[in-house]
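Text of start-v9.cif (mmCIF, C-alpha atoms) as supplied:
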data_coords
loop_
_atom_site.label_atom_id
_atom_site.label_comp_id
_atom_site.auth_asym_id
_atom_site.auth_seq_id
_atom_site.Cartn_x
_atom_site.Cartn_y
_atom_site.Cartn_z
CA MET A 174 107.56 70.70 93.19
CA ASN A 175 109.07 72.16 90.03
CA ARG A 176 109.04 75.87 90.77
CA ASN A 177 109.02 76.85 87.11
CA LYS A 178 106.33 74.46 85.93
CA LEU A 179 102.72 75.54 85.60
CA ASP A 180 101.29 72.30 86.94
CA ILE A 181 97.65 73.09 86.29
CA ASN A 182 95.33 70.80 84.36
CA TYR A 183 93.42 73.40 82.36
CA GLN A 184 94.48 76.22 80.08
CA PRO A 185 92.36 79.40 80.10
CA ILE A 186 93.97 80.86 76.95
CA ALA A 187 96.00 79.13 74.24
CA TRP A 188 97.56 80.44 71.02
CA LEU A 189 97.07 78.06 68.09
CA GLY A 190 99.27 79.70 65.46
CA ASN A 191 96.69 81.89 63.73
CA ARG A 192 93.81 81.74 66.17
CA VAL A 193 93.20 81.79 69.91
CA LYS A 194 91.36 79.36 72.18
CA ILE A 195 89.62 80.71 75.29
CA LEU A 196 87.92 78.83 78.11
CA ASP A 197 84.49 80.49 78.46
CA GLN A 198 84.36 81.47 82.14
CA THR A 199 80.70 82.49 81.97
CA ARG A 200 79.74 78.82 81.56
CA LEU A 201 81.70 77.55 84.55
CA PRO A 202 81.35 75.62 86.77
CA SER A 203 78.65 73.59 85.01
CA GLN A 204 80.39 73.34 81.65
CA GLU A 205 83.96 73.60 80.37
CA ALA A 206 83.37 75.13 76.95
CA TYR A 207 85.90 76.82 74.69
CA LEU A 208 85.73 79.65 72.20
CA GLU A 209 88.13 79.28 69.26
CA THR A 210 88.50 82.21 66.87
CA SER A 211 90.78 84.01 64.45
CA ASP A 212 88.70 87.21 64.63
CA TYR A 213 90.05 89.89 66.98
CA ARG A 214 86.54 91.32 67.35
CA GLU A 215 85.34 88.09 68.92
CA VAL A 216 88.17 88.29 71.45
CA ILE A 217 87.15 91.87 72.29
CA THR A 218 83.58 90.65 72.80
CA ALA A 219 84.86 87.81 75.00
CA ILE A 220 86.68 90.36 77.17
CA LYS A 221 83.63 92.62 77.43
CA GLU A 222 81.29 89.72 78.22
CA LEU A 223 83.70 88.27 80.83
CA LYS A 224 84.24 85.04 78.92
CA VAL A 225 87.85 85.84 79.70
CA ARG A 226 88.42 87.96 82.80
CA GLY A 227 91.01 88.78 85.43
CA ALA A 228 93.50 91.59 84.85
CA PRO A 229 96.51 89.51 83.71
CA ALA A 230 94.32 87.23 81.58
CA ILE A 231 92.65 90.08 79.70
CA GLY A 232 96.08 91.59 79.10
CA VAL A 233 97.15 88.35 77.42
CA ALA A 234 93.86 88.10 75.53
CA GLY A 235 94.25 91.71 74.40
CA ALA A 236 97.74 91.01 73.05
CA TYR A 237 96.41 88.03 71.10
CA ALA A 238 93.47 90.07 69.81
CA LEU A 239 95.85 92.67 68.41
CA ALA A 240 98.00 89.92 66.86
CA LEU A 241 94.92 88.41 65.20
CA GLY A 242 93.86 91.78 63.86
CA ALA A 243 97.38 92.50 62.62
CA LEU A 244 97.52 89.26 60.62
CA LYS A 245 94.45 90.19 58.58
CA ILE A 246 95.18 93.84 57.84
CA GLU A 247 95.57 94.56 54.14
CA ALA A 248 97.41 97.77 53.28
CA LYS A 249 99.41 99.20 50.39
CA ASN A 250 102.14 100.60 52.57
CA THR A 251 103.46 100.58 56.11
CA SER A 252 101.90 103.91 57.02
CA ALA A 253 98.43 102.72 56.05
CA TYR A 254 99.04 99.43 57.84
CA LEU A 255 99.98 101.13 61.10
CA THR A 256 96.97 103.43 60.88
CA LYS A 257 94.67 100.41 60.70
CA LEU A 258 96.61 98.71 63.47
CA ARG A 259 96.18 101.74 65.76
CA SER A 260 92.43 101.58 65.21
CA ILE A 261 92.38 97.94 66.28
CA ALA A 262 94.62 98.70 69.25
CA LYS A 263 92.25 101.42 70.41
CA ALA A 264 89.28 99.05 70.21
CA VAL A 265 91.13 96.37 72.17
CA ALA A 266 92.37 98.74 74.89
CA SER A 267 88.89 100.18 75.46
CA ALA A 268 87.23 96.77 75.95
CA ARG A 269 87.53 97.16 79.74
CA PRO A 270 88.87 100.43 81.15
CA THR A 271 89.94 99.65 84.72
CA ALA A 272 92.46 96.82 84.41
CA ARG A 273 95.92 98.24 83.72
CA ASN A 274 97.15 94.96 82.20
CA LEU A 275 95.03 95.42 79.07
CA SER A 276 96.36 98.83 78.09
CA TRP A 277 99.84 97.74 79.22
CA ALA A 278 99.81 94.80 76.81
CA VAL A 279 98.46 96.91 73.93
CA GLU A 280 101.14 99.55 74.50
CA ARG A 281 103.87 96.89 74.36
CA MET A 282 102.42 95.49 71.13
CA GLU A 283 102.24 98.92 69.50
CA LYS A 284 105.84 99.64 70.45
CA VAL A 285 106.94 96.47 68.63
CA ALA A 286 104.95 97.44 65.54
CA ARG A 287 106.83 100.73 65.23
CA LYS A 288 110.25 99.06 65.12
CA ASP A 289 110.06 97.76 61.54
CA LYS A 290 109.06 99.00 58.09
CA ALA A 291 108.17 95.71 56.42
CA ILE A 292 104.54 94.70 56.93
CA GLU A 293 105.13 90.95 57.00
CA ARG A 294 107.91 91.32 59.56
CA ILE A 295 105.64 93.51 61.69
CA LYS A 296 102.96 90.82 61.63
CA SER A 297 105.45 88.16 62.65
CA ALA A 298 106.89 90.36 65.39
CA LEU A 299 103.44 91.06 66.83
CA VAL A 300 102.58 87.37 67.06
CA SER A 301 105.91 86.65 68.72
CA LYS A 302 105.37 89.51 71.17
CA ALA A 303 101.89 88.33 72.12
CA VAL A 304 103.22 84.84 72.85
CA LYS A 305 106.07 86.37 74.85
CA ILE A 306 103.66 88.49 76.91
CA HIS A 307 101.67 85.34 77.67
CA THR A 308 104.79 83.43 78.71
CA GLU A 309 106.14 86.28 80.82
CA GLU A 310 102.85 86.83 82.63
CA ALA A 311 102.50 83.12 83.39
CA GLU A 312 106.07 82.90 84.68
CA ALA A 313 105.56 86.05 86.77
CA THR A 314 102.72 84.35 88.63
CA VAL A 315 104.96 81.41 89.54
CA ARG A 316 107.52 83.75 91.10
CA LEU A 317 104.81 85.84 92.75
CA SER A 318 103.21 82.75 94.25
CA ARG A 319 106.54 81.51 95.58
CA PHE A 320 107.22 84.83 97.30
CA GLY A 321 103.72 85.05 98.71
CA ALA A 322 103.71 81.51 100.07
CA VAL A 323 106.32 82.62 102.60
CA LEU A 324 103.58 84.64 104.31
CA ILE A 325 101.30 81.61 104.66
CA LYS A 326 101.77 79.59 107.84
CA ASN A 327 100.84 75.95 108.18
CA GLY A 328 97.20 75.81 109.28
CA SER A 329 96.32 79.27 107.94
CA VAL A 330 92.72 80.21 107.28
CA ILE A 331 92.60 82.68 104.38
CA LEU A 332 89.81 84.88 103.09
CA THR A 333 89.85 85.82 99.41
CA HIS A 334 87.57 87.76 97.07
CA CYS A 335 86.65 87.37 93.41
CA ASN A 336 88.81 84.99 91.34
CA THR A 337 92.58 85.21 91.05
CA GLY A 338 93.76 81.77 89.99
CA PRO A 339 94.88 80.37 86.63
CA LEU A 340 91.56 81.41 85.08
CA ALA A 341 92.27 85.05 85.88
CA THR A 342 95.97 85.05 85.02
CA THR A 343 96.59 82.28 82.43
CA GLY A 344 99.42 81.27 84.75
CA TYR A 345 99.60 80.08 88.33
CA GLY A 346 97.49 82.84 89.83
CA THR A 347 97.98 85.85 92.09
CA ALA A 348 96.14 85.63 95.42
CA LEU A 349 94.91 82.15 94.59
CA GLY A 350 98.29 81.21 93.14
CA ILE A 351 99.88 81.93 96.52
CA ILE A 352 97.35 79.71 98.25
CA ILE A 353 97.82 76.90 95.73
CA TYR A 354 101.61 77.18 95.98
CA ALA A 355 101.51 77.03 99.79
CA HIS A 356 99.29 73.95 99.54
CA LYS A 357 101.75 72.26 97.17
CA GLN A 358 104.51 72.97 99.67
CA GLY A 359 102.62 70.75 102.09
CA LYS A 360 101.09 73.48 104.22
CA LYS A 361 97.58 72.84 105.44
CA VAL A 362 95.43 75.78 104.41
CA GLN A 363 91.72 76.48 104.44
CA VAL A 364 90.01 79.11 102.33
CA TYR A 365 86.89 81.18 102.80
CA ALA A 366 85.81 82.53 99.42
CA ASP A 367 83.37 85.40 99.06
CA GLU A 368 80.68 84.68 96.49
CA THR A 369 81.58 88.01 94.85
CA ARG A 370 78.28 89.45 93.81
CA PRO A 371 76.69 90.23 91.42
CA LEU A 372 78.38 87.78 89.02
CA LEU A 373 79.55 85.24 91.61
CA GLN A 374 83.13 84.82 90.42
CA GLY A 375 84.03 83.51 93.86
CA ALA A 376 81.26 80.95 93.93
CA ARG A 377 81.53 79.87 90.30
CA LEU A 378 85.26 80.17 89.63
CA THR A 379 87.32 80.32 92.82
CA ALA A 380 85.49 77.39 94.38
CA TRP A 381 85.92 75.46 91.12
CA GLU A 382 89.66 76.13 90.99
CA LEU A 383 90.23 75.31 94.65
CA LYS A 384 88.30 72.07 94.26
CA LYS A 385 90.54 71.16 91.33
CA ALA A 386 93.56 71.89 93.53
CA ASN A 387 92.11 69.78 96.40
CA ILE A 388 92.16 72.72 98.80
CA PRO A 389 89.37 72.98 101.41
CA VAL A 390 87.08 75.89 100.53
CA THR A 391 83.97 77.30 102.16
CA LEU A 392 81.74 79.86 100.45
CA LEU A 393 80.55 83.04 102.15
CA THR A 394 78.17 85.67 100.95
CA ASP A 395 80.08 88.96 100.76
CA SER A 396 78.27 90.37 103.78
CA MET A 397 79.41 87.50 106.04
CA ALA A 398 83.11 88.41 105.92
CA GLY A 399 83.02 90.87 108.80
CA TYR A 400 81.24 88.40 111.06
CA MET A 401 83.84 85.72 110.33
CA MET A 402 86.67 88.13 111.08
CA LYS A 403 85.06 89.21 114.35
CA GLN A 404 84.76 85.56 115.35
CA GLY A 405 88.54 85.18 114.95
CA LYS A 406 88.18 82.68 112.14
CA ILE A 407 90.35 84.50 109.56
CA ASP A 408 94.16 84.68 109.73
CA CYS A 409 94.71 86.89 106.68
CA VAL A 410 93.04 88.31 103.60
CA ILE A 411 94.67 88.01 100.17
CA VAL A 412 93.19 89.63 97.07
CA GLY A 413 94.31 90.44 93.56
CA ALA A 414 94.26 93.81 91.80
CA ASP A 415 93.27 95.42 88.52
CA ARG A 416 95.28 98.64 88.78
CA ILE A 417 97.63 100.05 91.42
CA ALA A 418 98.56 103.73 91.63
CA VAL A 419 101.99 105.03 92.66
CA ASN A 420 100.80 105.78 96.20
CA GLY A 421 99.52 102.22 96.67
CA ASP A 422 95.81 102.89 96.20
CA THR A 423 94.42 99.76 94.57
CA ALA A 424 91.49 99.05 92.27
CA ASN A 425 90.02 95.58 92.59
CA LYS A 426 86.67 93.81 92.31
CA ILE A 427 83.83 95.64 94.02
CA GLY A 428 83.71 94.68 97.68
CA THR A 429 87.48 94.70 98.21
CA TYR A 430 87.45 98.09 99.97
CA SER A 431 84.93 96.81 102.51
CA LEU A 432 87.11 93.79 103.24
CA ALA A 433 90.17 95.99 103.75
CA VAL A 434 88.36 98.21 106.26
CA LEU A 435 87.04 95.17 108.12
CA ALA A 436 90.49 93.58 108.18
CA LYS A 437 92.00 96.77 109.62
CA GLU A 438 89.30 96.93 112.31
CA ASN A 439 89.98 93.33 113.29
CA LYS A 440 93.79 93.59 113.09
CA ILE A 441 94.06 91.06 110.26
CA PRO A 442 96.82 91.35 107.60
CA PHE A 443 95.47 92.45 104.22
CA TYR A 444 97.67 91.51 101.25
CA VAL A 445 97.39 92.51 97.60
CA ALA A 446 98.97 90.14 95.07
CA ALA A 447 99.65 91.44 91.57
CA PRO A 448 102.30 91.27 88.83
CA ALA A 449 104.24 94.35 87.72
CA SER A 450 101.91 94.71 84.72
CA THR A 451 99.09 95.74 87.07
CA PHE A 452 100.96 98.74 88.47
CA ASP A 453 100.25 102.11 86.85
CA LEU A 454 102.90 104.39 88.29
CA SER A 455 101.74 107.27 86.08
CA LEU A 456 98.75 107.71 88.40
CA LYS A 457 99.25 109.62 91.63
CA SER A 458 96.35 108.02 93.48
CA GLY A 459 93.29 105.86 93.19
CA ALA A 460 91.21 108.93 92.40
CA GLU A 461 92.67 108.79 88.88
CA ILE A 462 91.76 105.15 88.23
CA PRO A 463 88.77 104.80 85.88
CA ILE A 464 86.01 102.62 87.34
CA GLU A 465 84.03 100.53 84.90
CA GLU A 466 80.26 100.83 85.30
CA ARG A 467 78.61 97.72 83.92
CA ASN A 468 75.03 97.03 82.82
CA MET A 469 72.59 97.18 85.72
CA LYS A 470 70.98 93.95 84.49
CA GLU A 471 73.96 92.10 85.96
CA VAL A 472 72.51 93.15 89.33
CA THR A 473 68.81 92.75 88.62
CA HIS A 474 69.19 89.46 86.72
CA PHE A 475 71.36 86.36 86.88
CA ARG A 476 71.81 84.30 83.72
CA GLY A 477 68.67 85.85 82.30
CA ILE A 478 66.50 85.26 85.35
CA ALA A 479 65.11 88.32 87.12
CA VAL A 480 66.02 88.54 90.82
CA ALA A 481 64.47 91.99 91.35
CA PRO A 482 61.30 93.84 90.29
CA GLY A 483 61.35 94.67 86.61
CA ASP A 484 61.20 98.43 87.05
CA VAL A 485 63.88 98.79 89.73
CA SER A 486 67.07 100.66 88.92
CA ALA A 487 70.52 99.49 90.05
CA VAL A 488 74.13 100.63 90.08
CA ASN A 489 76.90 98.29 89.02
CA PRO A 490 80.46 99.56 89.50
CA ALA A 491 82.71 96.60 88.71
CA PHE A 492 85.52 97.79 90.98
CA ASP A 493 86.26 99.91 94.02
CA ILE A 494 89.40 101.60 95.33
CA THR A 495 91.18 100.43 98.47
CA PRO A 496 93.32 103.23 99.97
CA ALA A 497 96.94 102.24 100.57
CA ARG A 498 96.60 102.78 104.34
CA TYR A 499 94.55 99.58 104.59
CA ILE A 500 97.08 97.41 102.75
CA THR A 501 99.68 95.47 104.76
CA ALA A 502 101.91 94.54 101.81
CA PHE A 503 102.00 93.98 98.05
CA ILE A 504 103.17 90.63 96.69
CA THR A 505 104.76 90.77 93.23
CA GLU A 506 107.03 88.61 91.10
CA LYS A 507 109.88 90.86 92.24
CA GLY A 508 109.26 90.27 95.92
CA ILE A 509 107.12 91.43 98.81
CA ILE A 510 106.76 95.20 99.11
CA LYS A 511 106.16 96.54 102.60
CA ARG A 512 105.90 100.10 103.83
CA PRO A 513 106.99 102.60 102.72
CA PHE A 514 105.45 101.46 99.43
CA ALA A 515 106.96 104.24 97.32
CA LYS A 516 110.46 102.91 97.90
CA GLY A 517 109.48 99.37 96.96
CA PHE A 518 107.63 100.53 93.86
CA GLU A 519 110.87 101.98 92.47
CA ASN A 520 111.85 98.49 91.28
CA ILE A 521 108.51 97.61 89.73
CA GLU A 522 109.12 98.92 86.23
#
Take the structure I supplied and represent it as structure tokens, if you would.
Amino acid sequence: MNRNKLDINYQPIAWLGNRVKILDQTRLPSQEAYLETSDYREVITAIKELKVRGAPAIGVAGAYALALGALKIEAKNTSAYLTKLRSIAKAVASARPTARNLSWAVERMEKVARKDKAIERIKSALVSKAVKIHTEEAEATVRLSRFGAVLIKNGSVILTHCNTGPLATTGYGTALGIIIYAHKQGKKVQVYADETRPLLQGARLTAWELKKANIPVTLLTDSMAGYMMKQGKIDCVIVGADRIAVNGDTANKIGTYSLAVLAKENKIPFYVAAPASTFDLSLKSGAEIPIEERNMKEVTHFRGIAVAPGDVSAVNPAFDITPARYITAFITEKGIIKRPFAKGFENIE
């Protein structure tokens, strides 16, 4: 296996020179449909509507959105140009508040914009930076997956949550990338994938990606995970992350915290796989991580069909916080970080 090659047969996000092409994840697994646009506002909408999702992937999409916006700004001078660019950057960064990768990518793009005075050179530099962010994030997942595969033994049965493969990262994947990499090494692995309610990213996306990779996968409803652990059928749990605080507290798809507690109770290793771009070392703990509250209709309806009484209310936090004490190790492109986490985090940035 070529360790540096992204040997996947689909591309979630592609830059086409002056426009971006995005695989619409809301239409999977029944249809592989693409959105192609040169309008940054359509990319923002795609992020909000989960047509593109997964922390690393929305970071890449955000960078491309800002590049698209930058190309179309008309201004008489650099000062006016940068003012308009900041407005676009703010709109992009606010598309989804929890994932660190989005604001991280926007901050890197803005930093590039401030390095020049000529508008045309700024535009060119922003496009180049967006492409570089995409390349770096994809390559980071290859290294992350290689490190993480060391933890996977031949014959392992792995539980994962939400979707963390190429769709979520535009590269090899985080938690799912590790599983795919181990499989390509010749290790026999089996995966239990939580459905990941209410939007079923596990059922729709993770199962789809594992099928494409020819890896055995069995779906569970989220509430079955504890039973499977108690039965001794799970060897480890690997999940991704959307933001990680300096103390190791981790935000990830709603339901992750429950899995971590169950894994601890059943003495099962619980791993978090994430690139450096997901770490937010400015935050002291998970209490400072903003949690996105999405429309309650995502709970009461599925693809427009009501699954609850019309007048019932619902809550819909998209993420929860897993305290660091439940996490066995973090897997990054810079290596595996074990306790004490603070020491390992020193090399993240």
Exactly which residues make up the result of the PyMOL selection byres ((chain A and resi 433-437) around 8) on this file, given as a list of chain:residue names?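 Selected by the PyMOL selection byres ((chain A and resi 433-437) around 8) in this file: A:Gly399, A:Met402, A:Val410, A:Thr429, A:Tyr430, A:Ser431, A:Leu432, A:Glu438, A:Asn439, A:Lys440, A:Ile441, A:Pro442, A:Phe443, A:Thr495, A:Tyr499, A:Ile500.
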Put those residues in a file: C-alpha atoms, as an mmCIF file, keeping the file's coordinate frame.
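Okay, selection-v4.cif is ready:
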data_model
loop_
_atom_site.group_PDB
_atom_site.id
_atom_site.type_symbol
_atom_site.label_atom_id
_atom_site.label_comp_id
_atom_site.auth_asym_id
_atom_site.auth_seq_id
_atom_site.Cartn_x
_atom_site.Cartn_y
_atom_site.Cartn_z
ATOM 1 C CA GLY A 399 83.020 90.870 108.800
ATOM 2 C CA MET A 402 86.670 88.130 111.080
ATOM 3 C CA VAL A 410 93.040 88.310 103.600
ATOM 4 C CA THR A 429 87.480 94.700 98.210
ATOM 5 C CA TYR A 430 87.450 98.090 99.970
ATOM 6 C CA SER A 431 84.930 96.810 102.510
ATOM 7 C CA LEU A 432 87.110 93.790 103.240
ATOM 8 C CA GLU A 438 89.300 96.930 112.310
ATOM 9 C CA ASN A 439 89.980 93.330 113.290
ATOM 10 C CA LYS A 440 93.790 93.590 113.090
ATOM 11 C CA ILE A 441 94.060 91.060 110.260
ATOM 12 C CA PRO A 442 96.820 91.350 107.600
ATOM 13 C CA PHE A 443 95.470 92.450 104.220
ATOM 14 C CA THR A 495 91.180 100.430 98.470
ATOM 15 C CA TYR A 499 94.550 99.580 104.590
ATOM 16 C CA ILE A 500 97.080 97.410 102.750
#
Between A:Leu392, A:Ala355, A:Leu454, A:Ala286, which one has atoms that come closest to Val419 in chain A, using all atoms listed in the file? A:Leu454
Report, in Å to a single decimal, how far apart CA of His334 in chain A and CA of Ala398 in chain A are.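 Computing it gives 9.9 Å between the two atoms.
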What gap, in Å, lies between CA of Gly227 in chain A and CA of Ile351 in chain A?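 Pair CA of Gly227 in chain A / CA of Ile351 in chain A returns 15.8 Å.
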Rank nothing, just name the residue among A:Ile261, A:Leu456, A:Ile186, A:Val315 nearest to Tyr213 in chain A, using only C-alpha atoms. A:Ile261
Picked residues, the PyMOL selection byres ((chain A and resi 228) around 6), expected as JSON, numbers by chain: {"A": [227, 229, 230, 231, 272, 274, 415]}
